[in-house]
Amino acid sequence: MSSPDLLGYAAAALTTTAFIPQVVKTLRTRDTRAISLGMYLLFSAGVALWGIYGVLLAAWPIILANGVTLLLALVVLAYKLTESRRA
């Protein structure tokens, strides 16, 4: 594996792992009042575009990191949207 790939996988692991505490907190508390809906919509769209970019480049670190991050972000976004509908 090349040095750029190793760097990419390390960056992917760190940025994706950093997102996990927010998802865990959201799942435990089911409270998303302090989370911006607009930010999560833009963030999810951006992560999806990064994933598509990774596919176009066949860059696995980008594909894997953004695929996992998008799934995590969509969990929080789903809770946020559900909360917004109840309010």
# chains A, B, ... in the order shown; residues from 1 in each chain; ligands from 1

call {"tool": "residues_around", "arguments": {"residues": "Phe19 of chain A", "least_positions_apart": "3", "cutoff": "9 Å", "atoms": "only C-alpha atoms", "output": "list in words"}}
result
Leu14, Thr15, Thr16, Gln22, Val23, Thr69, Leu72 and Ala73 of chain A

call {"tool": "write_last_selection", "arguments": {"atoms": "N, CA, C and O atoms", "output": "mmCIF file, in the first residue's frame"}}
result
data_model
loop_
_atom_site.group_PDB
_atom_site.id
_atom_site.type_symbol
_atom_site.label_atom_id
_atom_site.label_comp_id
_atom_site.auth_asym_id
_atom_site.auth_seq_id
_atom_site.Cartn_x
_atom_site.Cartn_y
_atom_site.Cartn_z
ATOM 1 N N LEU A 14 -9.799 8.666 11.406
ATOM 2 C CA LEU A 14 -9.930 9.720 12.413
ATOM 3 C C LEU A 14 -11.202 10.537 12.240
ATOM 4 O O LEU A 14 -11.927 10.791 13.207
ATOM 5 N N THR A 15 -11.482 10.965 11.022
ATOM 6 C CA THR A 15 -12.652 11.829 10.823
ATOM 7 C C THR A 15 -13.962 11.060 10.999
ATOM 8 O O THR A 15 -14.928 11.595 11.530
ATOM 9 N N THR A 16 -13.985 9.820 10.591
ATOM 10 C CA THR A 16 -15.192 9.018 10.759
ATOM 11 C C THR A 16 -15.399 8.665 12.223
ATOM 12 O O THR A 16 -16.514 8.771 12.749
ATOM 13 N N GLN A 22 -21.261 11.723 18.554
ATOM 14 C CA GLN A 22 -22.512 12.451 18.316
ATOM 15 C C GLN A 22 -23.649 11.485 18.009
ATOM 16 O O GLN A 22 -24.769 11.652 18.485
ATOM 17 N N VAL A 23 -23.354 10.465 17.225
ATOM 18 C CA VAL A 23 -24.379 9.474 16.890
ATOM 19 C C VAL A 23 -24.801 8.703 18.136
ATOM 20 O O VAL A 23 -25.997 8.519 18.387
ATOM 21 N N THR A 69 -19.421 7.642 7.102
ATOM 22 C CA THR A 69 -19.824 8.922 7.676
ATOM 23 C C THR A 69 -21.223 9.310 7.218
ATOM 24 O O THR A 69 -22.022 9.833 8.006
ATOM 25 N N LEU A 72 -23.733 7.368 9.271
ATOM 26 C CA LEU A 72 -23.828 7.931 10.621
ATOM 27 C C LEU A 72 -24.583 9.262 10.614
ATOM 28 O O LEU A 72 -25.441 9.507 11.470
ATOM 29 N N ALA A 73 -24.279 10.111 9.657
ATOM 30 C CA ALA A 73 -24.948 11.412 9.571
ATOM 31 C C ALA A 73 -26.437 11.244 9.284
ATOM 32 O O ALA A 73 -27.262 11.989 9.817
#

call {"tool": "residues_around", "arguments": {"residues": "Ile62 of chain A", "least_positions_apart": "4", "cutoff": "12 Å", "atoms": "only C-alpha atoms", "output": "PDB file with N, CA, C and O atoms, in the first residue's frame"}}
result
ATOM      1  N   PRO A   4       0.458   7.605   0.230  1.00  0.00           N
ATOM      2  CA  PRO A   4      -0.770   8.399   0.154  1.00  0.00           C
ATOM      3  C   PRO A   4      -2.016   7.609   0.571  1.00  0.00           C
ATOM      4  O   PRO A   4      -2.912   8.162   1.220  1.00  0.00           O
ATOM      5  N   ASP A   5      -2.073   6.326   0.219  1.00  0.00           N
ATOM      6  CA  ASP A   5      -3.215   5.514   0.642  1.00  0.00           C
ATOM      7  C   ASP A   5      -3.242   5.351   2.159  1.00  0.00           C
ATOM      8  O   ASP A   5      -4.307   5.444   2.780  1.00  0.00           O
ATOM      9  N   LEU A   6      -2.088   5.100   2.754  1.00  0.00           N
ATOM     10  CA  LEU A   6      -2.025   4.976   4.210  1.00  0.00           C
ATOM     11  C   LEU A   6      -2.468   6.263   4.893  1.00  0.00           C
ATOM     12  O   LEU A   6      -3.217   6.242   5.875  1.00  0.00           O
ATOM     13  N   LEU A   7      -2.028   7.380   4.360  1.00  0.00           N
ATOM     14  CA  LEU A   7      -2.437   8.675   4.887  1.00  0.00           C
ATOM     15  C   LEU A   7      -3.947   8.851   4.745  1.00  0.00           C
ATOM     16  O   LEU A   7      -4.628   9.310   5.669  1.00  0.00           O
ATOM     17  N   GLY A   8      -4.474   8.461   3.601  1.00  0.00           N
ATOM     18  CA  GLY A   8      -5.916   8.561   3.363  1.00  0.00           C
ATOM     19  C   GLY A   8      -6.710   7.702   4.326  1.00  0.00           C
ATOM     20  O   GLY A   8      -7.740   8.127   4.864  1.00  0.00           O
ATOM     21  N   TYR A   9      -6.268   6.471   4.555  1.00  0.00           N
ATOM     22  CA  TYR A   9      -6.969   5.589   5.490  1.00  0.00           C
ATOM     23  C   TYR A   9      -6.890   6.119   6.918  1.00  0.00           C
ATOM     24  O   TYR A   9      -7.864   6.039   7.676  1.00  0.00           O
ATOM     25  N   ALA A  10      -5.737   6.679   7.302  1.00  0.00           N
ATOM     26  CA  ALA A  10      -5.590   7.260   8.645  1.00  0.00           C
ATOM     27  C   ALA A  10      -6.527   8.449   8.814  1.00  0.00           C
ATOM     28  O   ALA A  10      -7.224   8.568   9.831  1.00  0.00           O
ATOM     29  N   ALA A  11      -6.570   9.329   7.824  1.00  0.00           N
ATOM     30  CA  ALA A  11      -7.470  10.487   7.873  1.00  0.00           C
ATOM     31  C   ALA A  11      -8.923  10.030   7.915  1.00  0.00           C
ATOM     32  O   ALA A  11      -9.737  10.568   8.676  1.00  0.00           O
ATOM     33  N   ALA A  12      -9.255   9.035   7.107  1.00  0.00           N
ATOM     34  CA  ALA A  12     -10.617   8.508   7.075  1.00  0.00           C
ATOM     35  C   ALA A  12     -11.011   7.942   8.430  1.00  0.00           C
ATOM     36  O   ALA A  12     -12.119   8.189   8.923  1.00  0.00           O
ATOM     37  N   ALA A  13     -10.120   7.178   9.034  1.00  0.00           N
ATOM     38  CA  ALA A  13     -10.410   6.575  10.336  1.00  0.00           C
ATOM     39  C   ALA A  13     -10.636   7.646  11.398  1.00  0.00           C
ATOM     40  O   ALA A  13     -11.585   7.556  12.192  1.00  0.00           O
ATOM     41  N   THR A  15     -11.482  10.965  11.022  1.00  0.00           N
ATOM     42  CA  THR A  15     -12.652  11.829  10.823  1.00  0.00           C
ATOM     43  C   THR A  15     -13.962  11.060  10.999  1.00  0.00           C
ATOM     44  O   THR A  15     -14.928  11.595  11.530  1.00  0.00           O
ATOM     45  N   THR A  16     -13.985   9.820  10.591  1.00  0.00           N
ATOM     46  CA  THR A  16     -15.192   9.018  10.759  1.00  0.00           C
ATOM     47  C   THR A  16     -15.399   8.665  12.223  1.00  0.00           C
ATOM     48  O   THR A  16     -16.514   8.771  12.749  1.00  0.00           O
ATOM     49  N   VAL A  47     -20.953  15.116   2.168  1.00  0.00           N
ATOM     50  CA  VAL A  47     -20.354  13.793   2.346  1.00  0.00           C
ATOM     51  C   VAL A  47     -20.746  12.873   1.184  1.00  0.00           C
ATOM     52  O   VAL A  47     -19.922  12.110   0.671  1.00  0.00           O
ATOM     53  N   ALA A  48     -22.001  12.965   0.752  1.00  0.00           N
ATOM     54  CA  ALA A  48     -22.441  12.152  -0.395  1.00  0.00           C
ATOM     55  C   ALA A  48     -21.651  12.527  -1.648  1.00  0.00           C
ATOM     56  O   ALA A  48     -21.208  11.639  -2.399  1.00  0.00           O
ATOM     57  N   LEU A  49     -21.448  13.810  -1.863  1.00  0.00           N
ATOM     58  CA  LEU A  49     -20.668  14.245  -3.024  1.00  0.00           C
ATOM     59  C   LEU A  49     -19.214  13.790  -2.927  1.00  0.00           C
ATOM     60  O   LEU A  49     -18.622  13.377  -3.927  1.00  0.00           O
ATOM     61  N   TRP A  50     -18.629  13.846  -1.723  1.00  0.00           N
ATOM     62  CA  TRP A  50     -17.267  13.331  -1.540  1.00  0.00           C
ATOM     63  C   TRP A  50     -17.218  11.834  -1.859  1.00  0.00           C
ATOM     64  O   TRP A  50     -16.251  11.346  -2.449  1.00  0.00           O
ATOM     65  N   GLY A  51     -18.263  11.122  -1.459  1.00  0.00           N
ATOM     66  CA  GLY A  51     -18.316   9.694  -1.767  1.00  0.00           C
ATOM     67  C   GLY A  51     -18.364   9.440  -3.262  1.00  0.00           C
ATOM     68  O   GLY A  51     -17.656   8.556  -3.776  1.00  0.00           O
ATOM     69  N   ILE A  52     -19.167  10.204  -3.970  1.00  0.00           N
ATOM     70  CA  ILE A  52     -19.245  10.081  -5.425  1.00  0.00           C
ATOM     71  C   ILE A  52     -17.899  10.418  -6.055  1.00  0.00           C
ATOM     72  O   ILE A  52     -17.432   9.732  -6.974  1.00  0.00           O
ATOM     73  N   TYR A  53     -17.262  11.460  -5.555  1.00  0.00           N
ATOM     74  CA  TYR A  53     -15.925  11.842  -6.020  1.00  0.00           C
ATOM     75  C   TYR A  53     -14.951  10.677  -5.828  1.00  0.00           C
ATOM     76  O   TYR A  53     -14.171  10.352  -6.720  1.00  0.00           O
ATOM     77  N   GLY A  54     -15.012  10.050  -4.675  1.00  0.00           N
ATOM     78  CA  GLY A  54     -14.158   8.899  -4.412  1.00  0.00           C
ATOM     79  C   GLY A  54     -14.409   7.756  -5.380  1.00  0.00           C
ATOM     80  O   GLY A  54     -13.472   7.106  -5.850  1.00  0.00           O
ATOM     81  N   VAL A  55     -15.682   7.518  -5.694  1.00  0.00           N
ATOM     82  CA  VAL A  55     -16.023   6.472  -6.665  1.00  0.00           C
ATOM     83  C   VAL A  55     -15.438   6.811  -8.032  1.00  0.00           C
ATOM     84  O   VAL A  55     -14.855   5.952  -8.705  1.00  0.00           O
ATOM     85  N   LEU A  56     -15.577   8.058  -8.448  1.00  0.00           N
ATOM     86  CA  LEU A  56     -15.054   8.470  -9.752  1.00  0.00           C
ATOM     87  C   LEU A  56     -13.532   8.314  -9.834  1.00  0.00           C
ATOM     88  O   LEU A  56     -12.984   8.016 -10.899  1.00  0.00           O
ATOM     89  N   LEU A  57     -12.864   8.510  -8.697  1.00  0.00           N
ATOM     90  CA  LEU A  57     -11.410   8.364  -8.657  1.00  0.00           C
ATOM     91  C   LEU A  57     -10.971   6.942  -8.309  1.00  0.00           C
ATOM     92  O   LEU A  57      -9.783   6.642  -8.362  1.00  0.00           O
ATOM     93  N   ALA A  58     -11.934   6.106  -7.932  1.00  0.00           N
ATOM     94  CA  ALA A  58     -11.640   4.753  -7.429  1.00  0.00           C
ATOM     95  C   ALA A  58     -10.697   4.835  -6.228  1.00  0.00           C
ATOM     96  O   ALA A  58      -9.762   4.062  -6.090  1.00  0.00           O
ATOM     97  N   ASN A  66     -16.378   8.228   3.548  1.00  0.00           N
ATOM     98  CA  ASN A  66     -17.598   8.994   3.305  1.00  0.00           C
ATOM     99  C   ASN A  66     -18.836   8.123   3.303  1.00  0.00           C
ATOM    100  O   ASN A  66     -19.912   8.580   3.674  1.00  0.00           O
ATOM    101  N   GLY A  67     -18.702   6.866   2.925  1.00  0.00           N
ATOM    102  CA  GLY A  67     -19.837   5.947   3.011  1.00  0.00           C
ATOM    103  C   GLY A  67     -20.261   5.732   4.452  1.00  0.00           C
ATOM    104  O   GLY A  67     -21.447   5.836   4.794  1.00  0.00           O
ATOM    105  N   VAL A  68     -19.292   5.451   5.316  1.00  0.00           N
ATOM    106  CA  VAL A  68     -19.601   5.240   6.733  1.00  0.00           C
ATOM    107  C   VAL A  68     -20.089   6.533   7.377  1.00  0.00           C
ATOM    108  O   VAL A  68     -21.084   6.544   8.108  1.00  0.00           O
ATOM    109  N   THR A  69     -19.421   7.642   7.102  1.00  0.00           N
ATOM    110  CA  THR A  69     -19.824   8.922   7.676  1.00  0.00           C
ATOM    111  C   THR A  69     -21.223   9.310   7.218  1.00  0.00           C
ATOM    112  O   THR A  69     -22.022   9.833   8.006  1.00  0.00           O
ATOM    113  N   LEU A  70     -21.546   9.050   5.961  1.00  0.00           N
ATOM    114  CA  LEU A  70     -22.896   9.367   5.480  1.00  0.00           C
ATOM    115  C   LEU A  70     -23.947   8.549   6.223  1.00  0.00           C
ATOM    116  O   LEU A  70     -24.987   9.089   6.620  1.00  0.00           O
TER     117      LEU A  70
END

call {"tool": "residues_around", "arguments": {"residues": "Ala34 of chain A", "least_positions_apart": "2", "cutoff": "12 Å", "atoms": "only C-alpha atoms", "output": "list of chain:residue names"}}
result
A:Gln22, A:Lys25, A:Thr26, A:Thr29, A:Arg30, A:Asp31, A:Thr32, A:Ser36, A:Leu37, A:Gly38, A:Met39, A:Tyr40, A:Val76, A:Lys80, A:Glu83, A:Ser84

call {"tool": "write_last_selection", "arguments": {"atoms": "N, CA, C and O atoms", "output": "mmCIF file, in the first residue's frame"}}
result
data_model
loop_
_atom_site.group_PDB
_atom_site.id
_atom_site.type_symbol
_atom_site.label_atom_id
_atom_site.label_comp_id
_atom_site.auth_asym_id
_atom_site.auth_seq_id
_atom_site.Cartn_x
_atom_site.Cartn_y
_atom_site.Cartn_z
ATOM 1 N N GLN A 22 -21.261 11.723 18.554
ATOM 2 C CA GLN A 22 -22.512 12.451 18.316
ATOM 3 C C GLN A 22 -23.649 11.485 18.009
ATOM 4 O O GLN A 22 -24.769 11.652 18.485
ATOM 5 N N LYS A 25 -24.600 9.655 21.278
ATOM 6 C CA LYS A 25 -25.365 10.549 22.152
ATOM 7 C C LYS A 25 -26.788 10.728 21.636
ATOM 8 O O LYS A 25 -27.747 10.711 22.411
ATOM 9 N N THR A 26 -26.935 10.889 20.331
ATOM 10 C CA THR A 26 -28.262 11.052 19.749
ATOM 11 C C THR A 26 -29.107 9.798 19.944
ATOM 12 O O THR A 26 -30.285 9.877 20.287
ATOM 13 N N THR A 29 -29.984 9.621 23.895
ATOM 14 C CA THR A 29 -30.872 10.654 24.442
ATOM 15 C C THR A 29 -32.077 10.938 23.558
ATOM 16 O O THR A 29 -33.068 11.473 24.027
ATOM 17 N N ARG A 30 -31.948 10.629 22.288
ATOM 18 C CA ARG A 30 -32.982 10.962 21.285
ATOM 19 C C ARG A 30 -33.257 12.475 21.254
ATOM 20 O O ARG A 30 -34.313 12.921 20.847
ATOM 21 N N ASP A 31 -32.285 13.255 21.697
ATOM 22 C CA ASP A 31 -32.427 14.710 21.754
ATOM 23 C C ASP A 31 -31.539 15.345 20.687
ATOM 24 O O ASP A 31 -30.323 15.218 20.722
ATOM 25 N N THR A 32 -32.165 16.028 19.750
ATOM 26 C CA THR A 32 -31.425 16.695 18.678
ATOM 27 C C THR A 32 -31.722 18.195 18.639
ATOM 28 O O THR A 32 -31.429 18.853 17.660
ATOM 29 N N SER A 36 -28.239 21.619 14.431
ATOM 30 C CA SER A 36 -28.791 22.409 13.335
ATOM 31 C C SER A 36 -29.226 21.502 12.180
ATOM 32 O O SER A 36 -28.413 20.758 11.626
ATOM 33 N N LEU A 37 -30.487 21.595 11.808
ATOM 34 C CA LEU A 37 -30.998 20.815 10.680
ATOM 35 C C LEU A 37 -30.305 21.225 9.388
ATOM 36 O O LEU A 37 -29.877 20.370 8.600
ATOM 37 N N GLY A 38 -30.148 22.510 9.180
ATOM 38 C CA GLY A 38 -29.485 22.993 7.966
ATOM 39 C C GLY A 38 -28.064 22.478 7.850
ATOM 40 O O GLY A 38 -27.618 22.065 6.775
ATOM 41 N N MET A 39 -27.341 22.487 8.966
ATOM 42 C CA MET A 39 -25.964 22.002 8.950
ATOM 43 C C MET A 39 -25.924 20.525 8.581
ATOM 44 O O MET A 39 -25.101 20.104 7.778
ATOM 45 N N TYR A 40 -26.809 19.727 9.163
ATOM 46 C CA TYR A 40 -26.787 18.291 8.866
ATOM 47 C C TYR A 40 -27.238 17.996 7.441
ATOM 48 O O TYR A 40 -26.744 17.054 6.813
ATOM 49 N N VAL A 76 -28.396 10.542 12.512
ATOM 50 C CA VAL A 76 -28.671 11.766 13.270
ATOM 51 C C VAL A 76 -29.703 12.618 12.539
ATOM 52 O O VAL A 76 -30.635 13.149 13.151
ATOM 53 N N LYS A 80 -33.310 13.997 13.803
ATOM 54 C CA LYS A 80 -33.596 15.437 13.773
ATOM 55 C C LYS A 80 -34.899 15.715 13.024
ATOM 56 O O LYS A 80 -35.727 16.487 13.471
ATOM 57 N N GLU A 83 -37.836 14.601 15.097
ATOM 58 C CA GLU A 83 -38.074 15.576 16.175
ATOM 59 C C GLU A 83 -38.725 16.839 15.637
ATOM 60 O O GLU A 83 -39.641 17.379 16.232
ATOM 61 N N SER A 84 -38.279 17.300 14.470
ATOM 62 C CA SER A 84 -38.836 18.521 13.875
ATOM 63 C C SER A 84 -40.307 18.339 13.537
ATOM 64 O O SER A 84 -41.096 19.267 13.668
#

call {"tool": "decode", "arguments": {"residues": "segment 3-45 of chain A", "atoms": "C-alpha atoms", "output": "PDB file, in the first residue's frame"}}
result
ATOM      1  CA  SER A   3       2.051   6.222   1.532  1.00  0.00           C
ATOM      2  CA  PRO A   4      -0.770   8.399   0.154  1.00  0.00           C
ATOM      3  CA  ASP A   5      -3.215   5.514   0.642  1.00  0.00           C
ATOM      4  CA  LEU A   6      -2.025   4.976   4.210  1.00  0.00           C
ATOM      5  CA  LEU A   7      -2.437   8.675   4.887  1.00  0.00           C
ATOM      6  CA  GLY A   8      -5.916   8.561   3.363  1.00  0.00           C
ATOM      7  CA  TYR A   9      -6.969   5.589   5.490  1.00  0.00           C
ATOM      8  CA  ALA A  10      -5.590   7.260   8.645  1.00  0.00           C
ATOM      9  CA  ALA A  11      -7.470  10.487   7.873  1.00  0.00           C
ATOM     10  CA  ALA A  12     -10.617   8.508   7.075  1.00  0.00           C
ATOM     11  CA  ALA A  13     -10.410   6.575  10.336  1.00  0.00           C
ATOM     12  CA  LEU A  14      -9.930   9.720  12.413  1.00  0.00           C
ATOM     13  CA  THR A  15     -12.652  11.829  10.823  1.00  0.00           C
ATOM     14  CA  THR A  16     -15.192   9.018  10.759  1.00  0.00           C
ATOM     15  CA  THR A  17     -14.425   7.938  14.326  1.00  0.00           C
ATOM     16  CA  ALA A  18     -14.755  11.539  15.504  1.00  0.00           C
ATOM     17  CA  PHE A  19     -18.365  11.497  14.359  1.00  0.00           C
ATOM     18  CA  ILE A  20     -19.355   8.426  16.401  1.00  0.00           C
ATOM     19  CA  PRO A  21     -19.828  10.170  19.801  1.00  0.00           C
ATOM     20  CA  GLN A  22     -22.512  12.451  18.316  1.00  0.00           C
ATOM     21  CA  VAL A  23     -24.379   9.474  16.890  1.00  0.00           C
ATOM     22  CA  VAL A  24     -24.144   7.542  20.164  1.00  0.00           C
ATOM     23  CA  LYS A  25     -25.365  10.549  22.152  1.00  0.00           C
ATOM     24  CA  THR A  26     -28.262  11.052  19.749  1.00  0.00           C
ATOM     25  CA  LEU A  27     -29.248   7.386  19.939  1.00  0.00           C
ATOM     26  CA  ARG A  28     -29.063   7.382  23.754  1.00  0.00           C
ATOM     27  CA  THR A  29     -30.872  10.654  24.442  1.00  0.00           C
ATOM     28  CA  ARG A  30     -32.982  10.962  21.285  1.00  0.00           C
ATOM     29  CA  ASP A  31     -32.427  14.710  21.754  1.00  0.00           C
ATOM     30  CA  THR A  32     -31.425  16.695  18.678  1.00  0.00           C
ATOM     31  CA  ARG A  33     -32.664  20.139  19.723  1.00  0.00           C
ATOM     32  CA  ALA A  34     -29.128  21.563  19.839  1.00  0.00           C
ATOM     33  CA  ILE A  35     -28.294  20.205  16.380  1.00  0.00           C
ATOM     34  CA  SER A  36     -28.791  22.409  13.335  1.00  0.00           C
ATOM     35  CA  LEU A  37     -30.998  20.815  10.680  1.00  0.00           C
ATOM     36  CA  GLY A  38     -29.485  22.993   7.966  1.00  0.00           C
ATOM     37  CA  MET A  39     -25.964  22.002   8.950  1.00  0.00           C
ATOM     38  CA  TYR A  40     -26.787  18.291   8.866  1.00  0.00           C
ATOM     39  CA  LEU A  41     -28.538  18.601   5.507  1.00  0.00           C
ATOM     40  CA  LEU A  42     -25.537  20.398   4.003  1.00  0.00           C
ATOM     41  CA  PHE A  43     -23.073  18.084   5.708  1.00  0.00           C
ATOM     42  CA  SER A  44     -24.863  14.956   4.454  1.00  0.00           C
ATOM     43  CA  ALA A  45     -25.030  16.341   0.925  1.00  0.00           C
TER      44      ALA A  45
END
